[in-house]
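Data file: protein36.cif. Format and content: mmCIF, N, CA and C atoms.
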data_target
loop_
_atom_site.group_PDB
_atom_site.id
_atom_site.type_symbol
_atom_site.label_atom_id
_atom_site.label_comp_id
_atom_site.auth_asym_id
_atom_site.auth_seq_id
_atom_site.Cartn_x
_atom_site.Cartn_y
_atom_site.Cartn_z
ATOM 1 N N MET A 265 102.814 114.544 96.998
ATOM 2 C CA MET A 265 102.153 113.805 98.047
ATOM 3 C C MET A 265 103.153 113.591 99.175
ATOM 4 N N THR A 266 102.800 113.959 100.364
ATOM 5 C CA THR A 266 103.682 113.715 101.488
ATOM 6 C C THR A 266 102.905 113.156 102.660
ATOM 7 N N ASN A 267 103.598 112.330 103.417
ATOM 8 C CA ASN A 267 103.045 111.740 104.622
ATOM 9 C C ASN A 267 101.675 111.094 104.421
ATOM 10 N N LEU A 268 101.572 110.259 103.427
ATOM 11 C CA LEU A 268 100.345 109.501 103.220
ATOM 12 C C LEU A 268 100.200 108.488 104.341
ATOM 13 N N PRO A 269 98.997 107.971 104.550
ATOM 14 C CA PRO A 269 98.824 106.940 105.578
ATOM 15 C C PRO A 269 99.730 105.745 105.287
ATOM 16 N N GLN A 270 100.084 105.041 106.323
ATOM 17 C CA GLN A 270 100.936 103.864 106.173
ATOM 18 C C GLN A 270 100.226 102.810 105.330
ATOM 19 N N LEU A 271 100.901 102.288 104.335
ATOM 20 C CA LEU A 271 100.347 101.249 103.478
ATOM 21 C C LEU A 271 100.463 99.893 104.167
ATOM 22 N N THR A 272 99.560 98.974 103.825
ATOM 23 C CA THR A 272 99.547 97.647 104.429
ATOM 24 C C THR A 272 99.551 96.573 103.353
ATOM 25 N N VAL A 273 99.933 95.360 103.739
ATOM 26 C CA VAL A 273 99.908 94.221 102.823
ATOM 27 C C VAL A 273 98.474 94.027 102.334
ATOM 28 N N GLY A 274 98.334 93.871 101.021
ATOM 29 C CA GLY A 274 97.021 93.678 100.408
ATOM 30 C C GLY A 274 96.398 94.952 99.878
ATOM 31 N N GLU A 275 97.060 96.081 100.111
ATOM 32 C CA GLU A 275 96.534 97.362 99.641
ATOM 33 C C GLU A 275 96.780 97.510 98.137
ATOM 34 N N ALA A 276 95.765 97.983 97.438
ATOM 35 C CA ALA A 276 95.883 98.278 96.009
ATOM 36 C C ALA A 276 96.411 99.693 95.850
ATOM 37 N N VAL A 277 97.299 99.864 94.873
ATOM 38 C CA VAL A 277 97.861 101.190 94.585
ATOM 39 C C VAL A 277 97.932 101.383 93.077
ATOM 40 N N LEU A 278 97.987 102.634 92.685
ATOM 41 C CA LEU A 278 98.286 102.981 91.294
ATOM 42 C C LEU A 278 99.753 103.371 91.236
ATOM 43 N N TYR A 279 100.437 102.844 90.244
ATOM 44 C CA TYR A 279 101.829 103.224 89.995
ATOM 45 C C TYR A 279 101.805 103.988 88.677
ATOM 46 N N SER A 280 101.658 105.289 88.783
ATOM 47 C CA SER A 280 101.398 106.114 87.596
ATOM 48 C C SER A 280 102.577 106.190 86.633
ATOM 49 N N ARG A 281 103.781 105.949 87.081
ATOM 50 C CA ARG A 281 104.930 105.999 86.165
ATOM 51 C C ARG A 281 104.752 105.027 85.005
ATOM 52 N N GLU A 282 104.078 103.908 85.266
ATOM 53 C CA GLU A 282 103.853 102.907 84.216
ATOM 54 C C GLU A 282 102.376 102.678 83.941
ATOM 55 N N ARG A 283 101.519 103.559 84.501
ATOM 56 C CA ARG A 283 100.071 103.376 84.408
ATOM 57 C C ARG A 283 99.715 101.925 84.720
ATOM 58 N N ALA A 284 100.132 101.497 85.906
ATOM 59 C CA ALA A 284 99.938 100.115 86.325
ATOM 60 C C ALA A 284 99.255 100.054 87.682
ATOM 61 N N VAL A 285 98.582 98.946 87.896
ATOM 62 C CA VAL A 285 97.942 98.658 89.176
ATOM 63 C C VAL A 285 98.877 97.723 89.938
ATOM 64 N N GLY A 286 99.044 97.986 91.219
ATOM 65 C CA GLY A 286 99.923 97.157 92.028
ATOM 66 C C GLY A 286 99.292 96.746 93.338
ATOM 67 N N LEU A 287 99.912 95.732 93.952
ATOM 68 C CA LEU A 287 99.526 95.263 95.277
ATOM 69 C C LEU A 287 100.742 95.303 96.192
ATOM 70 N N ILE A 288 100.537 95.790 97.391
ATOM 71 C CA ILE A 288 101.597 95.745 98.391
ATOM 72 C C ILE A 288 101.648 94.304 98.906
ATOM 73 N N TYR A 289 102.804 93.649 98.776
ATOM 74 C CA TYR A 289 102.917 92.276 99.254
ATOM 75 C C TYR A 289 103.788 92.152 100.493
ATOM 76 N N LYS A 290 104.485 93.226 100.854
ATOM 77 C CA LYS A 290 105.308 93.203 102.066
ATOM 78 C C LYS A 290 105.506 94.626 102.562
ATOM 79 N N VAL A 291 105.471 94.781 103.874
ATOM 80 C CA VAL A 291 105.818 96.034 104.539
ATOM 81 C C VAL A 291 107.055 95.719 105.364
ATOM 82 N N TYR A 292 108.088 96.530 105.229
ATOM 83 C CA TYR A 292 109.338 96.237 105.952
ATOM 84 C C TYR A 292 109.778 97.427 106.794
ATOM 85 N N GLU A 293 110.388 97.102 107.903
ATOM 86 C CA GLU A 293 110.914 98.130 108.806
ATOM 87 C C GLU A 293 112.186 98.719 108.225
ATOM 88 N N ARG A 294 112.380 99.974 108.520
ATOM 89 C CA ARG A 294 113.607 100.654 108.106
ATOM 90 C C ARG A 294 114.381 100.980 109.373
ATOM 91 N N GLY A 295 114.933 102.131 109.490
ATOM 92 C CA GLY A 295 115.706 102.483 110.675
ATOM 93 C C GLY A 295 114.843 103.064 111.781
ATOM 94 N N PRO A 296 115.427 103.262 112.950
ATOM 95 C CA PRO A 296 114.693 103.865 114.067
ATOM 96 C C PRO A 296 114.147 105.243 113.680
ATOM 97 N N GLY A 297 112.876 105.464 113.984
ATOM 98 C CA GLY A 297 112.255 106.750 113.680
ATOM 99 C C GLY A 297 111.840 106.928 112.233
ATOM 100 N N GLU A 298 112.077 105.918 111.390
ATOM 101 C CA GLU A 298 111.688 106.010 109.977
ATOM 102 C C GLU A 298 110.408 105.221 109.739
ATOM 103 N N ARG A 299 109.588 105.726 108.835
ATOM 104 C CA ARG A 299 108.367 105.015 108.450
ATOM 105 C C ARG A 299 108.734 103.773 107.646
ATOM 106 N N PRO A 300 107.913 102.732 107.746
ATOM 107 C CA PRO A 300 108.187 101.488 106.999
ATOM 108 C C PRO A 300 108.154 101.707 105.492
ATOM 109 N N GLY A 301 108.855 100.838 104.789
ATOM 110 C CA GLY A 301 108.813 100.809 103.338
ATOM 111 C C GLY A 301 107.883 99.692 102.881
ATOM 112 N N VAL A 302 107.646 99.622 101.574
ATOM 113 C CA VAL A 302 106.754 98.593 101.028
ATOM 114 C C VAL A 302 107.373 97.953 99.798
ATOM 115 N N GLN A 303 106.928 96.728 99.512
ATOM 116 C CA GLN A 303 107.319 96.043 98.296
ATOM 117 C C GLN A 303 106.065 95.837 97.466
ATOM 118 N N LEU A 304 106.216 95.996 96.146
ATOM 119 C CA LEU A 304 105.071 96.092 95.245
ATOM 120 C C LEU A 304 105.142 95.068 94.120
ATOM 121 N N LEU A 305 104.002 94.444 93.854
ATOM 122 C CA LEU A 305 103.839 93.521 92.737
ATOM 123 C C LEU A 305 102.859 94.150 91.761
ATOM 124 N N LEU A 306 103.247 94.246 90.480
ATOM 125 C CA LEU A 306 102.369 94.832 89.470
ATOM 126 C C LEU A 306 101.484 93.774 88.836
ATOM 127 N N SER A 307 100.282 94.198 88.449
ATOM 128 C CA SER A 307 99.352 93.270 87.801
ATOM 129 C C SER A 307 99.870 92.848 86.436
ATOM 130 N N ARG A 308 100.570 93.716 85.782
ATOM 131 C CA ARG A 308 101.078 93.449 84.435
ATOM 132 C C ARG A 308 102.224 92.435 84.508
ATOM 133 N N GLY A 309 101.895 91.164 84.355
ATOM 134 C CA GLY A 309 102.913 90.118 84.324
ATOM 135 C C GLY A 309 103.457 89.723 85.687
ATOM 136 N N GLY A 310 102.899 90.252 86.754
ATOM 137 C CA GLY A 310 103.387 89.906 88.086
ATOM 138 C C GLY A 310 104.778 90.419 88.373
ATOM 139 N N ARG A 311 105.128 91.520 87.737
ATOM 140 C CA ARG A 311 106.478 92.076 87.908
ATOM 141 C C ARG A 311 106.651 92.611 89.319
ATOM 142 N N ASP A 312 107.737 92.196 89.941
ATOM 143 C CA ASP A 312 108.077 92.612 91.296
ATOM 144 C C ASP A 312 108.907 93.895 91.213
ATOM 145 N N LEU A 313 108.340 94.991 91.738
ATOM 146 C CA LEU A 313 109.097 96.246 91.752
ATOM 147 C C LEU A 313 109.936 96.389 93.014
ATOM 148 N N SER A 314 109.844 95.411 93.875
ATOM 149 C CA SER A 314 110.631 95.379 95.094
ATOM 150 C C SER A 314 110.307 96.563 95.990
ATOM 151 N N GLY A 315 111.337 97.196 96.574
ATOM 152 C CA GLY A 315 111.100 98.137 97.656
ATOM 153 C C GLY A 315 110.940 99.595 97.291
ATOM 154 N N PHE A 316 110.052 100.245 98.035
ATOM 155 C CA PHE A 316 109.855 101.684 97.999
ATOM 156 C C PHE A 316 109.999 102.176 99.434
ATOM 157 N N SER A 317 110.863 103.126 99.659
ATOM 158 C CA SER A 317 110.889 103.751 100.974
ATOM 159 C C SER A 317 109.553 104.462 101.173
ATOM 160 N N ALA A 318 109.260 104.863 102.393
ATOM 161 C CA ALA A 318 108.008 105.585 102.653
ATOM 162 C C ALA A 318 107.942 106.854 101.814
ATOM 163 N N GLU A 319 109.074 107.518 101.678
ATOM 164 C CA GLU A 319 109.112 108.758 100.900
ATOM 165 C C GLU A 319 108.881 108.493 99.414
ATOM 166 N N GLU A 320 109.441 107.402 98.891
ATOM 167 C CA GLU A 320 109.203 107.030 97.493
ATOM 168 C C GLU A 320 107.750 106.616 97.287
ATOM 169 N N ALA A 321 107.206 105.878 98.244
ATOM 170 C CA ALA A 321 105.796 105.485 98.155
ATOM 171 C C ALA A 321 104.906 106.723 98.132
ATOM 172 N N ASP A 322 105.204 107.707 98.984
ATOM 173 C CA ASP A 322 104.441 108.955 98.984
ATOM 174 C C ASP A 322 104.477 109.617 97.611
ATOM 175 N N ARG A 323 105.619 109.536 96.978
ATOM 176 C CA ARG A 323 105.831 110.235 95.709
ATOM 177 C C ARG A 323 105.258 109.485 94.495
ATOM 178 N N PHE A 324 105.392 108.149 94.493
ATOM 179 C CA PHE A 324 105.072 107.389 93.279
ATOM 180 C C PHE A 324 103.824 106.518 93.346
ATOM 181 N N LEU A 325 103.307 106.243 94.536
ATOM 182 C CA LEU A 325 102.169 105.326 94.660
ATOM 183 C C LEU A 325 100.938 106.071 95.137
ATOM 184 N N GLN A 326 99.833 105.810 94.492
ATOM 185 C CA GLN A 326 98.560 106.395 94.914
ATOM 186 C C GLN A 326 97.726 105.286 95.550
ATOM 187 N N PRO A 327 97.560 105.327 96.880
ATOM 188 C CA PRO A 327 96.783 104.280 97.550
ATOM 189 C C PRO A 327 95.326 104.303 97.105
ATOM 190 N N LEU A 328 94.756 103.112 96.987
ATOM 191 C CA LEU A 328 93.340 102.985 96.664
ATOM 192 C C LEU A 328 92.624 102.491 97.919
ATOM 193 N N GLU A 329 92.480 101.201 98.039
ATOM 194 C CA GLU A 329 91.869 100.584 99.221
ATOM 195 C C GLU A 329 92.465 99.208 99.400
ATOM 196 N N HIS A 330 92.139 98.584 100.517
ATOM 197 C CA HIS A 330 92.588 97.214 100.768
ATOM 198 C C HIS A 330 91.752 96.261 99.919
ATOM 199 N N THR A 331 92.396 95.230 99.395
ATOM 200 C CA THR A 331 91.722 94.273 98.517
ATOM 201 C C THR A 331 91.213 93.036 99.252
ATOM 202 N N GLY A 332 91.559 92.899 100.506
ATOM 203 C CA GLY A 332 91.211 91.694 101.245
ATOM 204 C C GLY A 332 92.302 90.639 101.204
ATOM 205 N N LEU A 333 93.353 90.881 100.421
ATOM 206 C CA LEU A 333 94.465 89.934 100.320
ATOM 207 C C LEU A 333 95.238 89.891 101.631
ATOM 208 N N ARG A 334 95.474 88.672 102.089
ATOM 209 C CA ARG A 334 96.374 88.446 103.221
ATOM 210 C C ARG A 334 97.518 87.602 102.669
ATOM 211 N N TYR A 335 98.735 88.087 102.818
ATOM 212 C CA TYR A 335 99.878 87.388 102.236
ATOM 213 C C TYR A 335 101.075 87.529 103.150
ATOM 214 N N GLU A 336 101.775 86.428 103.326
ATOM 215 C CA GLU A 336 103.011 86.451 104.095
ATOM 216 C C GLU A 336 104.163 86.117 103.155
ATOM 217 N N PHE A 337 104.960 87.133 102.855
ATOM 218 C CA PHE A 337 106.092 86.976 101.947
ATOM 219 C C PHE A 337 107.173 86.137 102.614
ATOM 220 N N THR A 338 107.668 85.132 101.880
ATOM 221 C CA THR A 338 108.778 84.328 102.386
ATOM 222 C C THR A 338 110.036 84.542 101.559
ATOM 223 N N HIS A 339 109.898 84.444 100.229
ATOM 224 C CA HIS A 339 111.036 84.699 99.336
ATOM 225 C C HIS A 339 110.508 84.922 97.918
ATOM 226 N N VAL A 340 111.366 85.455 97.073
ATOM 227 C CA VAL A 340 110.968 85.847 95.719
ATOM 228 C C VAL A 340 110.475 84.655 94.903
ATOM 229 N N GLY A 341 111.116 83.520 95.037
ATOM 230 C CA GLY A 341 110.677 82.336 94.295
ATOM 231 C C GLY A 341 109.246 81.954 94.645
ATOM 232 N N GLN A 342 108.922 82.012 95.922
ATOM 233 C CA GLN A 342 107.557 81.694 96.352
ATOM 234 C C GLN A 342 106.574 82.743 95.844
ATOM 235 N N LEU A 343 106.975 84.015 95.867
ATOM 236 C CA LEU A 343 106.126 85.103 95.360
ATOM 237 C C LEU A 343 105.749 84.839 93.903
ATOM 238 N N HIS A 344 106.738 84.509 93.083
ATOM 239 C CA HIS A 344 106.480 84.258 91.665
ATOM 240 C C HIS A 344 105.623 83.006 91.463
ATOM 241 N N ALA A 345 105.885 81.964 92.242
ATOM 242 C CA ALA A 345 105.070 80.748 92.146
ATOM 243 C C ALA A 345 103.623 81.054 92.539
ATOM 244 N N ASP A 346 103.447 81.822 93.602
ATOM 245 C CA ASP A 346 102.100 82.190 94.048
ATOM 246 C C ASP A 346 101.377 83.020 92.986
ATOM 247 N N TYR A 347 102.103 83.928 92.339
ATOM 248 C CA TYR A 347 101.494 84.737 91.272
ATOM 249 C C TYR A 347 101.028 83.822 90.128
ATOM 250 N N HIS A 348 101.895 82.913 89.689
ATOM 251 C CA HIS A 348 101.575 82.070 88.533
ATOM 252 C C HIS A 348 100.492 81.042 88.832
ATOM 253 N N ARG A 349 100.296 80.688 90.083
ATOM 254 C CA ARG A 349 99.193 79.763 90.396
ATOM 255 C C ARG A 349 97.903 80.512 90.712
ATOM 256 N N GLY A 350 97.910 81.839 90.553
ATOM 257 C CA GLY A 350 96.686 82.625 90.646
ATOM 258 C C GLY A 350 96.319 83.137 92.024
ATOM 259 N N LEU A 351 97.232 83.066 92.975
ATOM 260 C CA LEU A 351 96.921 83.500 94.327
ATOM 261 C C LEU A 351 96.517 84.973 94.397
ATOM 262 N N PHE A 352 97.057 85.807 93.520
ATOM 263 C CA PHE A 352 96.782 87.242 93.550
ATOM 264 C C PHE A 352 95.668 87.669 92.593
ATOM 265 N N ALA A 353 95.100 86.734 91.841
ATOM 266 C CA ALA A 353 94.143 87.068 90.782
ATOM 267 C C ALA A 353 92.935 87.853 91.295
ATOM 268 N N ALA A 354 92.307 87.388 92.346
ATOM 269 C CA ALA A 354 91.122 88.084 92.874
ATOM 270 C C ALA A 354 91.493 89.470 93.406
ATOM 271 N N ALA A 355 92.640 89.564 94.066
ATOM 272 C CA ALA A 355 93.074 90.863 94.598
ATOM 273 C C ALA A 355 93.374 91.834 93.461
ATOM 274 N N PHE A 356 93.989 91.345 92.378
ATOM 275 C CA PHE A 356 94.250 92.229 91.241
ATOM 276 C C PHE A 356 92.956 92.641 90.544
ATOM 277 N N ALA A 357 91.970 91.746 90.475
ATOM 278 C CA ALA A 357 90.674 92.106 89.887
ATOM 279 C C ALA A 357 90.033 93.225 90.707
ATOM 280 N N THR A 358 90.083 93.098 92.021
ATOM 281 C CA THR A 358 89.560 94.147 92.902
ATOM 282 C C THR A 358 90.353 95.438 92.719
ATOM 283 N N ALA A 359 91.680 95.321 92.638
ATOM 284 C CA ALA A 359 92.537 96.502 92.467
ATOM 285 C C ALA A 359 92.210 97.233 91.168
ATOM 286 N N ARG A 360 92.007 96.480 90.065
ATOM 287 C CA ARG A 360 91.669 97.115 88.782
ATOM 288 C C ARG A 360 90.320 97.822 88.864
ATOM 289 N N LEU A 361 89.377 97.209 89.547
ATOM 290 C CA LEU A 361 88.071 97.836 89.726
ATOM 291 C C LEU A 361 88.210 99.131 90.528
ATOM 292 N N LEU A 362 88.956 99.089 91.627
ATOM 293 C CA LEU A 362 89.188 100.296 92.435
ATOM 294 C C LEU A 362 89.901 101.374 91.611
ATOM 295 N N ALA A 363 90.870 100.947 90.809
ATOM 296 C CA ALA A 363 91.607 101.889 89.966
ATOM 297 C C ALA A 363 90.694 102.490 88.906
ATOM 298 N N GLY A 364 89.746 101.702 88.422
ATOM 299 C CA GLY A 364 88.819 102.178 87.401
ATOM 300 C C GLY A 364 87.957 103.333 87.876
ATOM 301 N N PHE A 365 87.728 103.414 89.183
ATOM 302 C CA PHE A 365 86.985 104.555 89.720
ATOM 303 C C PHE A 365 87.825 105.833 89.637
ATOM 304 N N GLN A 366 89.153 105.691 89.648
ATOM 305 C CA GLN A 366 90.052 106.834 89.514
ATOM 306 C C GLN A 366 90.218 107.226 88.050
ATOM 307 N N ASP A 367 90.338 106.204 87.209
ATOM 308 C CA ASP A 367 90.575 106.416 85.781
ATOM 309 C C ASP A 367 90.105 105.159 85.055
ATOM 310 N N PRO A 368 89.036 105.233 84.261
ATOM 311 C CA PRO A 368 88.485 104.041 83.603
ATOM 312 C C PRO A 368 89.490 103.262 82.751
ATOM 313 N N ARG A 369 90.544 103.889 82.303
ATOM 314 C CA ARG A 369 91.539 103.166 81.496
ATOM 315 C C ARG A 369 92.228 102.056 82.288
ATOM 316 N N TYR A 370 92.192 102.116 83.623
ATOM 317 C CA TYR A 370 92.826 101.080 84.443
ATOM 318 C C TYR A 370 92.001 99.802 84.497
ATOM 319 N N LEU A 371 90.742 99.826 84.101
ATOM 320 C CA LEU A 371 89.895 98.649 84.179
ATOM 321 C C LEU A 371 90.408 97.492 83.326
ATOM 322 N N ASP A 372 91.044 97.794 82.219
ATOM 323 C CA ASP A 372 91.505 96.722 81.339
ATOM 324 C C ASP A 372 93.006 96.504 81.392
ATOM 325 N N VAL A 373 93.675 97.073 82.371
ATOM 326 C CA VAL A 373 95.119 96.872 82.505
ATOM 327 C C VAL A 373 95.355 95.444 82.975
ATOM 328 N N PRO A 374 96.094 94.650 82.207
ATOM 329 C CA PRO A 374 96.325 93.244 82.587
ATOM 330 C C PRO A 374 97.197 93.122 83.824
#

Translate this structure into structure tokens?
Amino acid sequence: MTNLPQLTVGEAVLYSRERAVGLIYKVYERGPGERPGVQLLLSRGGRDLSGFSAEEADRFLQPLEHTGLRYEFTHVGQLHADYHRGLFAAAFATARLLAGFQDPRYLDVP
């Protein structure tokens, strides 16, 4: 996969290396002339995979659709607190449903 569309905060993706559903929680600028990178939160336990360059995202992430999530990342502690209080629950439910259209085994991925 090369030169996929730019990912945005709230976008659901498949992370096939771990057969996991993820949400983009931050898009960050890189250097001049470089495409932005993204930071990813997995549905499985709210694990933060941190940053993917645009090239890594092209290679490892399969975009699905936007979940409707609007999130402004401030710091990792807040991200984890927000996950544990359920802020991402509806977005992950939508992400699993979107992933299920690609592969039904993703429907029950926690």

Residue list (alpha helix (DSSP H), DSSP) for range 271-370 of chain A, as number ranges by chain: A: 318-324, 340-348, 353-366

On this structure, the PyMOL selection byres ((chain A and resi 334) around 6.5) would catch which residues? List them as a list in words, sorted by chain and number.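 Applied to this file, the PyMOL selection byres ((chain A and resi 334) around 6.5) selects Val273, Gly274, Gly332, Leu333, Tyr335 and Glu336 of chain A.
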
Within 8 Å of range 282-289 of chain A: each range 304-325 of chain A residue with its shortest pair, all atoms listed in the file, as a tab-separated table:
residue	atom	partner	partner_atom	distance
A:Leu304	CA	A:Leu287	C	4.5
A:Leu305	C	A:Leu287	N	4.0
A:Leu306	CA	A:Gly286	CA	4.2
A:Ser307	N	A:Val285	C	4.1
A:Arg308	N	A:Val285	N	6.0

Applying the PyMOL selection byres ((chain A and resi 328) around 8) to the file I just gave you, which residues come out? Please list them as a PyMOL selection string. chain A and resi 275-278+325-327+329-331+359+362-363

Å distance separating CA of Ser317 in chain A from atom C of Pro300 in chain A, one decimal place: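 The value is 5.7 Å.
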
Would you mind listing what lies within 6.5 Å of range 339-348 of chain A as a ChimeraX atom specification, with all atoms listed in the file counted and same-chain residues fewer than 3 positions away left out? /A:310,351-352

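Between atom N of Leu271 in chain A and atom C of Arg323 in chain A lies a distance of 12.9 Å.
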
Around all listed atoms of range 298-308 of chain A, padded 4 Å per side, what centre and edge lengths does the axis-aligned box have in Å to one decimal, as AutoDock Vina command-line options?
--center_x 105.7 --center_y 99.2 --center_z 97.9 --size_x 20.7 --size_y 21.6 --size_z 35.0

With all atoms listed in the file as the basis for distance, which of A:Phe365, A:Glu320, A:Tyr279, A:Ala355 is at the shortest distance from Gly301 in chain A?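 With all atoms listed in the file as the atom set, the closest residue is A:Glu320.
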
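Non-sequential neighbours of range 292-299 of chain A (distance at most 8 Å, separation of 5 or more positions within a chain, all atoms listed in the file) are Gln270, Ser317, Ala318 and Glu319 of chain A.
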
DSSP strand (DSSP E or B) residues within range 288-354 of chain A, as a VMD selection string: chain A and resid 288 to 292 301 to 306 312 to 316 325 to 330

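Separating CA of Gln303 in chain A from atom N of Val291 in chain A is a distance of 6.0 Å.
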
Find, counting only C-alpha atoms, the residue in A:Arg349, A:Arg360, A:Arg369, A:Ser280 that gets nearest to Ala321 in chain A. A:Ser280

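Between Val302 in chain A and the candidates A:Thr338, A:Thr272, A:Ala357, A:Arg281, the tightest atom-to-atom separation, counting all atoms listed in the file, involves A:Thr272.
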